[in-house]
$ cat final.tsv   # TSV, C-alpha atoms
chain	number	residue	atom	x	y	z
A	3	MET	CA	15.78	-11.48	-5.09
A	4	GLN	CA	18.47	-10.05	-7.33
A	5	ILE	CA	17.40	-7.57	-9.98
A	6	GLY	CA	19.04	-5.33	-12.57
A	7	ILE	CA	17.83	-1.73	-12.91
A	8	VAL	CA	18.37	0.18	-16.16
A	9	GLY	CA	17.64	3.90	-15.86
A	10	LEU	CA	18.25	5.85	-12.65
A	11	GLY	CA	16.14	8.96	-13.19
A	12	LYS	CA	13.70	10.09	-10.50
A	13	MET	CA	11.42	7.07	-10.79
A	14	GLY	CA	14.11	4.49	-11.47
A	15	GLY	CA	16.34	5.91	-8.77
A	16	ASN	CA	13.62	5.96	-6.13
A	17	MET	CA	12.59	2.41	-7.02
A	18	THR	CA	16.21	1.32	-6.64
A	19	ARG	CA	16.39	2.89	-3.18
A	20	LYS	CA	13.14	1.24	-2.14
A	21	LEU	CA	14.37	-2.18	-3.26
A	22	LEU	CA	17.69	-1.65	-1.49
A	23	ASP	CA	15.77	-0.76	1.67
A	24	ASN	CA	14.02	-4.13	1.32
A	25	ASN	CA	17.36	-5.95	1.08
A	26	HIS	CA	17.27	-6.82	-2.61
A	27	ASP	CA	20.56	-7.42	-4.40
A	28	ILE	CA	20.63	-4.69	-7.07
A	29	VAL	CA	22.85	-4.22	-10.13
A	30	VAL	CA	22.43	-0.80	-11.78
A	31	TYR	CA	23.21	0.81	-15.12
A	32	ASP	CA	22.61	4.29	-16.48
A	33	VAL	CA	24.16	6.34	-19.27
A	34	ASP	CA	24.95	8.93	-16.55
A	35	ASP	CA	27.97	7.63	-14.61
A	36	GLU	CA	27.25	10.01	-11.74
A	37	GLN	CA	23.90	8.33	-11.13
A	38	VAL	CA	25.54	4.91	-11.18
A	39	ASN	CA	28.15	6.08	-8.64
A	40	LYS	CA	25.43	7.58	-6.46
A	41	TYR	CA	23.53	4.31	-6.13
A	42	GLU	CA	26.70	2.27	-5.79
A	43	LYS	CA	27.41	4.27	-2.62
A	44	LEU	CA	23.91	3.37	-1.40
A	45	GLY	CA	24.63	-0.33	-1.76
A	46	ALA	CA	23.91	-1.26	-5.38
A	47	GLU	CA	26.45	-3.01	-7.59
A	48	SER	CA	27.46	-0.87	-10.56
A	49	SER	CA	27.94	-1.76	-14.21
A	50	LYS	CA	29.35	0.20	-17.12
A	51	SER	CA	27.23	-1.33	-19.89
A	52	LEU	CA	24.08	-3.33	-20.49
A	53	LYS	CA	26.23	-6.36	-21.26
A	54	GLU	CA	28.12	-6.05	-17.99
A	55	LEU	CA	24.86	-5.65	-16.09
A	56	THR	CA	23.48	-8.91	-17.50
A	57	GLU	CA	26.74	-10.73	-16.76
A	58	LYS	CA	26.58	-9.72	-13.09
A	59	LEU	CA	23.06	-11.08	-12.61
A	60	ASP	CA	22.61	-14.55	-11.15
A	61	GLU	CA	21.07	-17.59	-12.76
A	62	PRO	CA	18.66	-19.34	-13.24
A	63	LYS	CA	16.48	-16.41	-14.29
A	64	LYS	CA	17.82	-12.93	-14.80
A	65	VAL	CA	15.39	-10.11	-14.04
A	66	ILE	CA	15.93	-6.61	-15.45
A	67	TRP	CA	13.67	-3.64	-14.75
A	68	VAL	CA	13.90	-0.91	-17.40
A	69	MET	CA	12.96	2.65	-16.36
A	70	VAL	CA	13.79	4.85	-19.35
A	71	PRO	CA	11.66	7.37	-21.32
A	72	ALA	CA	8.93	5.84	-23.48
A	73	GLY	CA	9.46	5.41	-27.20
A	74	ASP	CA	12.57	4.53	-29.19
A	75	ILE	CA	14.81	4.41	-26.10
A	76	VAL	CA	12.75	1.60	-24.60
A	77	ASP	CA	12.77	-0.31	-27.87
A	78	GLU	CA	16.53	0.06	-28.34
A	79	THR	CA	17.32	-0.80	-24.70
A	80	VAL	CA	15.15	-3.92	-24.64
A	81	LYS	CA	16.51	-5.17	-27.96
A	82	LYS	CA	20.11	-4.75	-26.76
A	83	LEU	CA	19.36	-6.52	-23.48
A	84	ALA	CA	17.77	-9.40	-25.37
A	85	ASN	CA	21.12	-10.09	-27.07
A	86	TYR	CA	22.66	-10.92	-23.68
A	87	LEU	CA	19.76	-12.89	-22.18
A	88	LYS	CA	18.52	-16.42	-22.63
A	89	LYS	CA	15.29	-18.38	-22.56
A	90	GLY	CA	13.33	-17.85	-19.35
A	91	ASP	CA	14.88	-14.49	-18.42
A	92	ILE	CA	12.58	-11.56	-17.67
A	93	ILE	CA	12.58	-7.94	-18.85
A	94	ILE	CA	10.21	-5.47	-17.16
A	95	ASP	CA	9.28	-2.12	-18.70
A	96	GLY	CA	8.01	0.08	-15.88
A	97	GLY	CA	7.85	3.31	-17.91
A	98	ASN	CA	4.97	5.05	-19.67
A	99	SER	CA	5.17	3.11	-22.92
A	100	ASN	CA	2.29	2.89	-25.36
A	101	TYR	CA	0.58	-0.45	-24.82
A	102	LYS	CA	0.71	-1.19	-28.56
A	103	ASP	CA	4.51	-0.88	-28.47
A	104	SER	CA	4.57	-3.22	-25.47
A	105	ILE	CA	2.60	-5.85	-27.36
A	106	LYS	CA	5.07	-5.67	-30.27
A	107	LEU	CA	8.08	-5.99	-27.95
A	108	ALA	CA	6.51	-8.90	-26.10
A	109	ASP	CA	5.92	-10.73	-29.39
A	110	LYS	CA	9.53	-10.24	-30.49
A	111	LEU	CA	10.93	-11.40	-27.16
A	112	GLU	CA	8.61	-14.39	-26.99
A	113	LYS	CA	10.23	-15.76	-30.14
A	114	LYS	CA	13.52	-15.82	-28.19
A	115	GLY	CA	11.88	-17.35	-25.14
A	116	ILE	CA	12.39	-14.16	-23.09
A	117	ASN	CA	9.53	-12.99	-20.87
A	118	PHE	CA	8.40	-9.38	-21.11
A	119	LEU	CA	6.27	-7.69	-18.46
A	120	ASP	CA	4.71	-4.28	-19.06
A	121	VAL	CA	4.19	-2.66	-15.68
A	122	GLY	CA	2.17	0.53	-15.53
A	123	THR	CA	3.69	2.45	-12.63
A	124	SER	CA	1.88	5.20	-10.74
A	125	GLY	CA	3.16	7.11	-7.75
A	126	GLY	CA	5.58	9.60	-9.25
A	127	VAL	CA	8.18	11.18	-7.01
A	128	TRP	CA	6.21	10.07	-3.93
A	129	GLY	CA	6.69	6.39	-4.67
A	130	LEU	CA	9.72	6.05	-2.40
A	131	LYS	CA	7.65	7.18	0.60
A	132	GLU	CA	4.15	6.00	-0.29
A	133	GLY	CA	4.86	3.03	-2.55
A	134	TYR	CA	3.94	2.50	-6.20
A	135	CYS	CA	0.69	1.33	-7.75
A	136	LEU	CA	1.77	-1.38	-10.19
A	137	MET	CA	-0.41	-2.65	-13.05
A	138	VAL	CA	1.17	-5.75	-14.59
A	139	GLY	CA	0.67	-7.26	-18.03
A	140	GLY	CA	2.44	-10.23	-19.60
A	141	PRO	CA	3.01	-13.94	-18.94
A	142	LYS	CA	1.51	-14.87	-15.58
A	143	ARG	CA	4.37	-17.22	-14.74
A	144	ALA	CA	6.81	-14.29	-15.05
A	145	TYR	CA	4.54	-12.13	-12.88
A	146	GLN	CA	4.51	-14.81	-10.20
A	147	TYR	CA	8.30	-15.11	-10.35
A	148	VAL	CA	8.86	-11.38	-9.66
A	149	GLU	CA	5.96	-10.94	-7.24
A	150	THR	CA	8.26	-10.44	-4.26
A	151	ILE	CA	9.76	-7.42	-6.04
A	152	LEU	CA	6.32	-5.98	-6.76
A	153	LYS	CA	5.23	-6.53	-3.17
A	154	ASP	CA	8.21	-4.61	-1.83
A	155	LEU	CA	7.64	-1.69	-4.22
A	156	ALA	CA	3.89	-1.32	-3.65
A	157	PRO	CA	1.74	-0.44	-0.64
A	158	ASP	CA	-0.80	-2.99	0.63
A	159	LYS	CA	-2.99	-4.11	-2.31
A	160	GLY	CA	-1.00	-1.77	-4.55
A	161	TYR	CA	-0.08	-4.24	-7.27
A	162	ASN	CA	-2.05	-6.68	-9.39
A	163	TYR	CA	-1.85	-8.88	-12.46
A	164	ILE	CA	-4.02	-7.35	-15.18
A	165	GLY	CA	-3.76	-9.78	-18.09
A	166	PRO	CA	-1.81	-10.49	-21.31
A	167	SER	CA	0.99	-8.39	-22.78
A	168	GLY	CA	0.07	-4.74	-23.18
A	169	SER	CA	-2.70	-4.78	-20.59
A	170	GLY	CA	-0.56	-3.26	-17.83
A	171	HIS	CA	0.38	-0.22	-19.88
A	172	PHE	CA	-3.16	-0.02	-21.28
A	173	VAL	CA	-4.65	0.26	-17.78
A	174	LYS	CA	-1.99	2.85	-16.82
A	175	MET	CA	-2.86	4.84	-19.95
A	176	VAL	CA	-6.52	5.05	-18.98
A	177	HIS	CA	-5.50	5.82	-15.38
A	178	ASN	CA	-3.60	8.86	-16.64
A	179	GLY	CA	-6.49	9.92	-18.87
A	180	ILE	CA	-8.76	9.95	-15.81
A	181	GLU	CA	-6.05	11.83	-13.93
A	182	TYR	CA	-6.12	14.56	-16.60
A	183	ALA	CA	-9.87	14.97	-16.15
A	184	MET	CA	-9.68	15.04	-12.35
A	185	MET	CA	-6.94	17.67	-12.43
A	186	GLU	CA	-8.93	19.84	-14.83
A	187	ALA	CA	-12.06	19.60	-12.68
A	188	TYR	CA	-10.14	20.61	-9.54
A	189	ALA	CA	-8.42	23.46	-11.39
A	190	GLU	CA	-11.68	24.86	-12.75
A	191	GLY	CA	-13.46	24.53	-9.41
A	192	PHE	CA	-10.75	26.34	-7.51
A	193	GLU	CA	-10.67	29.12	-10.09
A	194	ILE	CA	-14.41	29.67	-9.48
A	195	LEU	CA	-13.76	29.80	-5.72
A	196	LYS	CA	-10.90	32.25	-6.15
A	197	SER	CA	-12.91	34.57	-8.38
A	198	LYS	CA	-15.50	35.15	-5.62
A	199	GLU	CA	-13.36	37.88	-4.12
A	200	GLU	CA	-15.95	39.15	-1.62
A	201	PHE	CA	-15.77	35.86	0.29
A	202	ASP	CA	-11.96	35.92	0.53
A	203	ILE	CA	-11.85	32.12	0.51
A	204	ASP	CA	-8.70	30.38	1.74
A	205	LEU	CA	-8.28	27.82	-1.03
A	206	GLY	CA	-5.78	25.71	0.88
A	207	GLU	CA	-8.17	25.40	3.82
A	208	VAL	CA	-11.03	24.42	1.51
A	209	ALA	CA	-8.92	21.74	-0.19
A	210	GLU	CA	-7.97	20.34	3.21
A	211	LEU	CA	-11.59	20.51	4.40
A	212	TRP	CA	-12.90	18.64	1.36
A	213	ASN	CA	-10.35	15.90	1.97
A	214	HIS	CA	-11.90	15.07	5.35
A	215	GLY	CA	-15.14	13.30	4.52
A	216	GLY	CA	-15.90	15.13	1.27
A	217	VAL	CA	-17.13	13.04	-1.65
A	218	ILE	CA	-14.33	14.42	-3.86
A	219	ARG	CA	-11.51	13.66	-1.41
A	220	SER	CA	-8.36	12.17	-2.94
A	221	TRP	CA	-4.58	12.06	-2.70
A	222	LEU	CA	-4.52	14.51	-5.61
A	223	LEU	CA	-6.61	16.92	-3.55
A	224	GLU	CA	-4.24	16.44	-0.61
A	225	LEU	CA	-1.32	17.47	-2.82
A	226	THR	CA	-3.38	20.43	-4.07
A	227	ALA	CA	-3.98	21.53	-0.47
A	228	ASN	CA	-0.25	21.40	0.24
A	229	SER	CA	0.54	23.46	-2.86
A	230	LEU	CA	-2.06	26.10	-2.00
A	231	HIS	CA	-0.90	26.36	1.63
A	232	ASN	CA	2.70	26.83	0.49
A	233	ASN	CA	1.91	29.25	-2.34
A	234	PRO	CA	-1.70	30.58	-2.14
A	235	GLU	CA	-1.37	32.74	-5.29
A	236	LEU	CA	0.72	30.15	-7.15
A	237	GLU	CA	3.27	32.87	-7.76
A	238	GLY	CA	6.09	32.10	-10.16
A	239	ILE	CA	4.16	29.30	-11.88
A	240	LYS	CA	3.54	29.83	-15.59
A	241	ASP	CA	0.13	28.78	-16.93
A	242	TYR	CA	1.72	26.26	-19.28
A	243	VAL	CA	0.82	22.59	-18.87
A	244	GLU	CA	2.66	19.71	-20.51
A	245	ASP	CA	1.27	16.24	-21.14
A	246	SER	CA	3.10	12.91	-20.93
A	247	GLY	CA	1.30	11.48	-23.96
A	248	GLU	CA	-0.94	9.00	-22.18
A	249	GLY	CA	-3.90	11.37	-22.16
A	250	ARG	CA	-3.57	11.64	-25.94
A	251	TRP	CA	-3.43	7.85	-26.28
A	252	THR	CA	-6.54	7.49	-24.12
A	253	VAL	CA	-8.47	9.90	-26.34
A	254	LEU	CA	-7.25	8.14	-29.48
A	255	GLU	CA	-8.31	4.80	-27.99
A	256	SER	CA	-11.77	6.19	-27.27
A	257	ILE	CA	-12.03	7.24	-30.92
A	258	GLU	CA	-10.88	3.83	-32.15
A	259	GLN	CA	-13.43	2.09	-29.93
A	260	GLU	CA	-16.11	4.74	-30.60
A	261	ILE	CA	-16.54	5.27	-26.87
A	262	PRO	CA	-17.22	8.90	-25.85
A	263	ALA	CA	-14.61	10.34	-23.48
A	264	SER	CA	-15.66	13.97	-23.59
A	265	VAL	CA	-14.26	15.11	-20.25
A	266	ILE	CA	-10.85	13.48	-20.80
A	267	ALA	CA	-10.66	14.96	-24.30
A	268	ILE	CA	-11.53	18.46	-23.08
A	269	SER	CA	-8.94	18.24	-20.29
A	270	LEU	CA	-6.31	17.32	-22.88
A	271	PHE	CA	-7.31	20.20	-25.17
A	272	LYS	CA	-7.16	22.62	-22.23
A	273	ARG	CA	-3.52	21.65	-21.81
A	274	PHE	CA	-2.90	22.43	-25.47
A	275	ARG	CA	-4.57	25.82	-24.99
A	276	SER	CA	-2.28	26.64	-22.07
A	277	ARG	CA	0.71	26.52	-24.41
A	278	GLN	CA	-0.54	29.16	-26.81
A	279	ASP	CA	0.74	32.69	-26.32
A	280	THR	CA	-2.25	33.86	-28.32
A	281	SER	CA	-5.30	32.03	-29.63
A	282	PHE	CA	-6.35	32.67	-33.21
A	283	SER	CA	-9.61	30.80	-32.59
A	284	ALA	CA	-10.43	33.12	-29.66
A	285	ARG	CA	-9.78	36.16	-31.88
A	286	MET	CA	-12.05	34.59	-34.50
A	287	LEU	CA	-14.82	34.22	-31.92
A	288	SER	CA	-14.47	37.86	-30.94
A	289	ALA	CA	-14.60	38.95	-34.60
A	290	MET	CA	-17.74	36.87	-35.25
A	291	ARG	CA	-19.52	38.25	-32.17
A	292	ASN	CA	-18.76	41.76	-33.41
A	293	ALA	CA	-19.95	40.94	-36.91
A	294	PHE	CA	-23.38	39.53	-36.02
A	295	GLY	CA	-24.13	41.40	-32.80
A	296	GLY	CA	-21.93	44.47	-32.75
A	297	HIS	CA	-20.26	43.26	-29.56
A	298	GLU	CA	-17.17	45.17	-28.48
A	299	ILE	CA	-13.75	43.94	-29.59
A	300	LYS	CA	-10.96	44.32	-27.10
A	301	GLU	CA	-7.81	45.43	-28.88
A	302	GLU	CA	-4.32	44.31	-27.92

$ encode --input "final.tsv" --output "structure tokens"
Amino acid sequence: MQIGIVGLGKMGGNMTRKLLDNNHDIVVYDVDDEQVNKYEKLGAESSKSLKELTEKLDEPKKVIWVMVPAGDIVDETVKKLANYLKKGDIIIDGGNSNYKDSIKLADKLEKKGINFLDVGTSGGVWGLKEGYCLMVGGPKRAYQYVETILKDLAPDKGYNYIGPSGSGHFVKMVHNGIEYAMMEAYAEGFEILKSKEEFDIDLGEVAELWNHGGVIRSWLLELTANSLHNNPELEGIKDYVEDSGEGRWTVLESIEQEIPASVIAISLFKRFRSRQDTSFSARMLSAMRNAFGGHEIKEE
């Protein structure tokens, strides 16, 4: 099947390569001409604008997969594409968009007869090798039309239709919230292991051991083992942790639904804490302990 790809960053680029490997006819566009040239050399057909990309796609239904950063860029890109498409064509957003934004875009496109699929995509930089987990929301008829593309991008049982517009990105949002909590639990556990200096525990070996039959085995733990084997002291890595936004959205959703998500919330707040050079709240705690109990204050 022919498909247009808009956005050739790490994820979009790797997805393009995977589809080329599966003999799909690909037309690519990116604001970075060097990326376009790179994938043209790999077998994709290049385009210099969104309009040109749509013109090079075959009838009867044009399929365009958008892989650009979430937010205004997605909105602007999809709206521009819609000007060059017709009834029955399909736009796929495979980025980390907020599911509420996806619902709004789907509603606007539906009025023009254009199908919009929100595809939560998990797999990161390993997707080219391992395949992507794809969570699809939107019109089922559009999902069925592009299923061959999904099948070639995903491992066995690695894609599924979730439900109406927004549901794909909603499920991916919660997936990432859980990911935050799992990462925090692993990080805290390994810090406890490391602090027991008299045992001189090889953290990489423990991570690998746990991944063979342990209840907490996972691909995330496998990656952790690799990192610890390669850099046991994690030298050169600053204790500063970013967040993509989906953990925040998961916590906000839990508040809106009045469903407790304590562990996910704490894992998000721990990331915020990692970005502070100093913590006023921690200094406040120290001052209070000194005030009521005379506990020692450590001065800077």

$ atom_distance --input "final.tsv" --atom1 "atom CA of Leu119 of chain A" --atom2 "atom CA of Gly73 of chain A"
16.1 Å

$ residues_around --input "final.tsv" --residues "segment 149-166 of chain A" --least-positions-apart "6" --cutoff "6 Å" --atoms "all atoms listed in the file" --output "PyMOL selection string"
chain A and resi 133-140

$ write_last_selection --input "final.tsv" --atoms "C-alpha atoms" --output "CSV table (one decimal), in the coordinates of the input"
chain,number,residue,atom,x,y,z
A,133,GLY,CA,4.9,3.0,-2.6
A,134,TYR,CA,3.9,2.5,-6.2
A,135,CYS,CA,0.7,1.3,-7.8
A,136,LEU,CA,1.8,-1.4,-10.2
A,137,MET,CA,-0.4,-2.6,-13.0
A,138,VAL,CA,1.2,-5.8,-14.6
A,139,GLY,CA,0.7,-7.3,-18.0
A,140,GLY,CA,2.4,-10.2,-19.6

$ residues_around --input "final.tsv" --residues "Pro234 of chain A" --least-positions-apart "6" --cutoff "9 Å" --atoms "all atoms listed in the file" --output "list in words"
Asp204, Leu205 and Gly206 of chain A

$ atom_distance --input "final.tsv" --atom1 "atom CA of Ile299 of chain A" --atom2 "atom CA of Asp279 of chain A"
18.6 Å

$ atom_distance --input "final.tsv" --atom1 "atom CA of Ala72 of chain A" --atom2 "atom CA of Asp95 of chain A"
9.3 Å

$ residues_around --input "final.tsv" --residues "segment 45-53 of chain A" --least-positions-apart "6" --cutoff "9 Å" --atoms "only C-alpha atoms" --output "number ranges by chain"
A: 8, 18-19, 22, 27-33, 35, 38-39, 79, 82-83, 85-86

$ residues_near_point --input "final.tsv" --point "(4.9, -13.8, -24.9)" --cutoff "8 Å" --atoms "only C-alpha atoms" --output "list in words"
Ala108, Asp109, Leu111, Glu112, Lys113, Gly115, Ile116, Asn117, Phe118, Gly140, Pro141 and Ser167 of chain A

$ residues_around --input "final.tsv" --residues "Gly9 of chain A" --least-positions-apart "3" --cutoff "6 Å" --atoms "only C-alpha atoms" --output "ChimeraX atom specification"
/A:14,32,69-70

$ residues_around --input "final.tsv" --residues "Pro71 of chain A" --least-positions-apart "3" --cutoff "7 Å" --atoms "all atoms listed in the file" --output "list in words"
Ile75, Val76 and Gly97 of chain A

$ closest_residue --input "final.tsv" --among "A:Ala227, A:Val121, A:Leu10, A:Val217" --to "Lys174 of chain A" --atoms "all atoms listed in the file"
A:Val121

$ closest_residue --input "final.tsv" --among "A:Leu130, A:Val80, A:Ala187, A:Leu59" --to "Asp23 of chain A" --atoms "only C-alpha atoms"
A:Leu130

$ closest_residue --input "final.tsv" --among "A:Glu186, A:Gly215, A:Asp202, A:Ile180" --to "Val243 of chain A" --atoms "all atoms listed in the file"
A:Glu186

$ closest_residue --input "final.tsv" --among "A:Asp91, A:Glu61, A:Glu301, A:Glu193" --to "Glu235 of chain A" --atoms "all atoms listed in the file"
A:Glu193

$ closest_residue --input "final.tsv" --among "A:Asn100, A:Ser276, A:Ser220, A:Thr123" --to "Glu255 of chain A" --atoms "only C-alpha atoms"
A:Asn100

$ closest_residue --input "final.tsv" --among "A:Asp120, A:Asn25, A:Lys131, A:Arg273" --to "Gly247 of chain A" --atoms "all atoms listed in the file"
A:Arg273
